[in-house]
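All remarks here apply to the structure that follows.
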Amino acid sequence: MSDAQTPPMFTPFTLREMTVSNRVVMSPMCMYSADDLDGTPTDFHVVHLGSRAMGGTGLVMTEMTQVSREARISPGDAGMYEDRHMEAWKKVVDFVHTRSEAKIGMQIGHAGRKACEPIAWKRNTPLTEDEKWEIVAPSAIKFGPDSEMPREMNQSDIAKVIDDFVSAAKRADDAGFDIIELHAGHGYLLSSFMSPLSNQRTDAYGGSLENRMKLPLEVFHAVRAVWPDEKPMSARISAIDWNDDGNQIEDAVEVAKMFKAAGLDIIDVSSGNVTSERRPVTPGLFQTPFSEQIRRDADMPTMTVGNLAVPEQINGVIAEGRADLCCVGKGHLYDPYFVRHAARELGYELKWPNQYPAAGAFNPNPEIMR
Ligand SMILES: Cc1cc2nc3c(=O)[nH]c(=O)nc-3n(C[C@H](O)[C@H](O)[C@H](O)COP(=O)(O)O)c2cc1C
């Protein structure tokens, strides 16, 4: 296949000094599998992220990895707030770097008013009073009727959150991650500052969109200052709140412009999850129009996410300039070799790992003979 015939999905893409060999990103997905119940990733994470990297994905992203103990959604969340977390993550990073062509990124976050929940598959068993911890948010407003009531953050809470993000970023660099993404979407702490539905502060951190962006931008600047120049940064946002009183796409374009002016390299465009009200179930690439508009109007690289399932969709998104990278979440849970299988379908030759060239001779659709 000549360069001109390379499917758009398999063209490389560069941010600062990081080049990914294709446009597919494994979307960040919480796995609640820190078995010490205090943030330490395990062999599960080596296999989980390592197998997608061997599966050909250009960039694998960790789950939302929490910047402090109190920042965890659940006791099973992975963290980056202790040196032992860094050492455990380094094993994951080293595996990906030595055994695959993939780059690996860490999504760092703070759950804010969505913290202090049971592990996903234990949601019917609420945490006991002993297991709970105090949660913080821009305003004392619950996420949903069954959520804990957060305490409104004061200036020293804000200073601690910024420090915690900075420490996590330094550890992520020590572990060897190639890119870092701030989770500023889905109603978690930074997102809850950005949305008027959850931020009703009357100080400099509330009110106008500029004020509501103050903390996310302070975190960004502080992290950027310690994150090496050659390594790019991303931020995931909720482009819209799916609520007439919340942020709309025009706000997201302004948010992207503010992040871009601060030096953000790429914006990862998701939506919703800022309150417990369910958003409408939307088929198709329902979030890609948001990515497309932000990419055009804020004139910056974007990632799109949501319901990407087949290579034709990814080729279309890239060829039509609707996003620069395509995050695949559930598709990667279904098929760790999503990208290799897509290459086969497109007739694109993707080099197999040294151990697996025989897989190239496998015929997944043989004529059935006895
Ligand atoms: C099990 C699971 C865990 C998730 N955890 C995160 C997360 O940690 N951070 C995040 O930004 N999004 C998270 N998401 C959202 C996904 O990254 C993605 O945006 C969403 O699943 C839509 O993409 P898809 O249709 O390809 O699955 C999670 C989704 C799933 C299914």
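Please note that chains go A, B, ... in the order of the structure tokens, that every chain numbers its residues from 1, and that ligands are numbered from 1 in the order shown.
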Which residues of chain A have any atom within 7 Å of an atom in ligand 1 when counting only C-alpha atoms and all ligand atoms, and what is the closest pair of atoms for each, with the distance in Å to one decimal? Order the rows by chain and rising number and write it as CSV.
residue,atom,partner,partner_atom_place_in_ligand_line,distance
A:Ser27,CA,ligand 1,17 (O),4.3
A:Pro28,CA,ligand 1,17 (O),4.4
A:Met29,CA,ligand 1,5 (N),3.2
A:Cys30,CA,ligand 1,5 (N),3.9
A:Met31,CA,ligand 1,1 (C),6.5
A:Glu63,CA,ligand 1,8 (O),4.1
A:Met64,CA,ligand 1,8 (O),3.8
A:His183,CA,ligand 1,11 (O),6.1
A:Gly185,CA,ligand 1,11 (O),6.9
A:Arg236,CA,ligand 1,11 (O),6.4
A:Ser270,CA,ligand 1,19 (O),6.1
A:Val305,CA,ligand 1,23 (O),5.1
A:Gly306,CA,ligand 1,25 (O),3.7
A:Asn307,CA,ligand 1,25 (O),3.5
A:Leu308,CA,ligand 1,26 (O),5.4
A:Cys327,CA,ligand 1,26 (O),6.3
A:Val328,CA,ligand 1,26 (O),3.9
A:Gly329,CA,ligand 1,26 (O),3.5
A:Lys330,CA,ligand 1,27 (O),3.7
A:Gly331,CA,ligand 1,26 (O),5.8
Find the nearest atom pair between each residue of region 64-118 of chain A and region 274-279 of chain A for residues within 12 Å, count only C-alpha atoms, give distances in Å to one decimal, sort rows by chain and ascending number, and present the table as CSV.
residue,atom,partner,partner_atom,distance
A:Ala111,CA,A:Val274,CA,11.3
A:Gly112,CA,A:Val274,CA,11.2
A:Arg113,CA,A:Val274,CA,10.0
A:Lys114,CA,A:Val274,CA,9.3
**Prompt:** Hey, what's within 7 Å of Ile179 (chain A) if we count only C-alpha atoms and toss same-chain stuff fewer than 2 positions away? As a PyMOL selection string, please?
**Reply:** chain A and resi 104-106+177+181+231-233
Keeping only N, CA and C atoms, take the residues you just selected and write them out as a compact mmCIF listing (two decimals), in the first residue's frame.
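Saved the output as again_6.txt:
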# COMPACT_ATOMS: atom_id res chain seq x y z
N ILE A 104 1.68 5.74 25.65
CA ILE A 104 0.77 5.57 26.78
C ILE A 104 0.59 6.88 27.52
N GLY A 105 -0.67 7.21 27.80
CA GLY A 105 -0.99 8.45 28.50
C GLY A 105 -1.70 8.15 29.81
N MET A 106 -1.61 9.10 30.71
CA MET A 106 -2.35 8.97 31.98
C MET A 106 -3.39 10.08 32.07
N PHE A 177 5.27 8.18 31.38
CA PHE A 177 4.11 8.41 30.50
C PHE A 177 4.47 9.42 29.41
N GLU A 181 -3.42 13.69 30.51
CA GLU A 181 -4.72 14.32 30.22
C GLU A 181 -5.37 14.72 31.53
N LYS A 231 6.67 16.88 26.00
CA LYS A 231 5.50 15.99 26.13
C LYS A 231 4.21 16.80 26.05
N PRO A 232 3.23 16.31 25.27
CA PRO A 232 1.97 17.05 25.12
C PRO A 232 1.00 16.85 26.29
N MET A 233 0.04 17.75 26.34
CA MET A 233 -1.05 17.64 27.32
C MET A 233 -2.40 17.72 26.64
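Restricting the calculation to only C-alpha atoms, the smallest distance between Lys91 (chain A) and any of A:Gly55, A:Gly76, A:Gly176, A:Pro12 is found for A:Gly176.
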Extract, using only C-alpha atoms, all DNA, RNA and protein residues at most 12 Å from region 136-153 of chain A, discarding same-chain residues fewer than 5 positions from it, and format them as JSON, numbers by chain. {"A": [70, 71, 72, 73, 110, 111, 112, 113, 114, 115, 116, 117, 118, 123, 124, 126, 127, 129, 158, 159, 160, 161, 186, 187, 188, 189, 190, 191, 192, 193, 194, 195, 196, 197, 198, 199, 200, 201, 202, 203, 204, 205, 206, 207, 211, 212, 213, 214, 215, 216, 273, 274, 275, 276, 277, 278]}
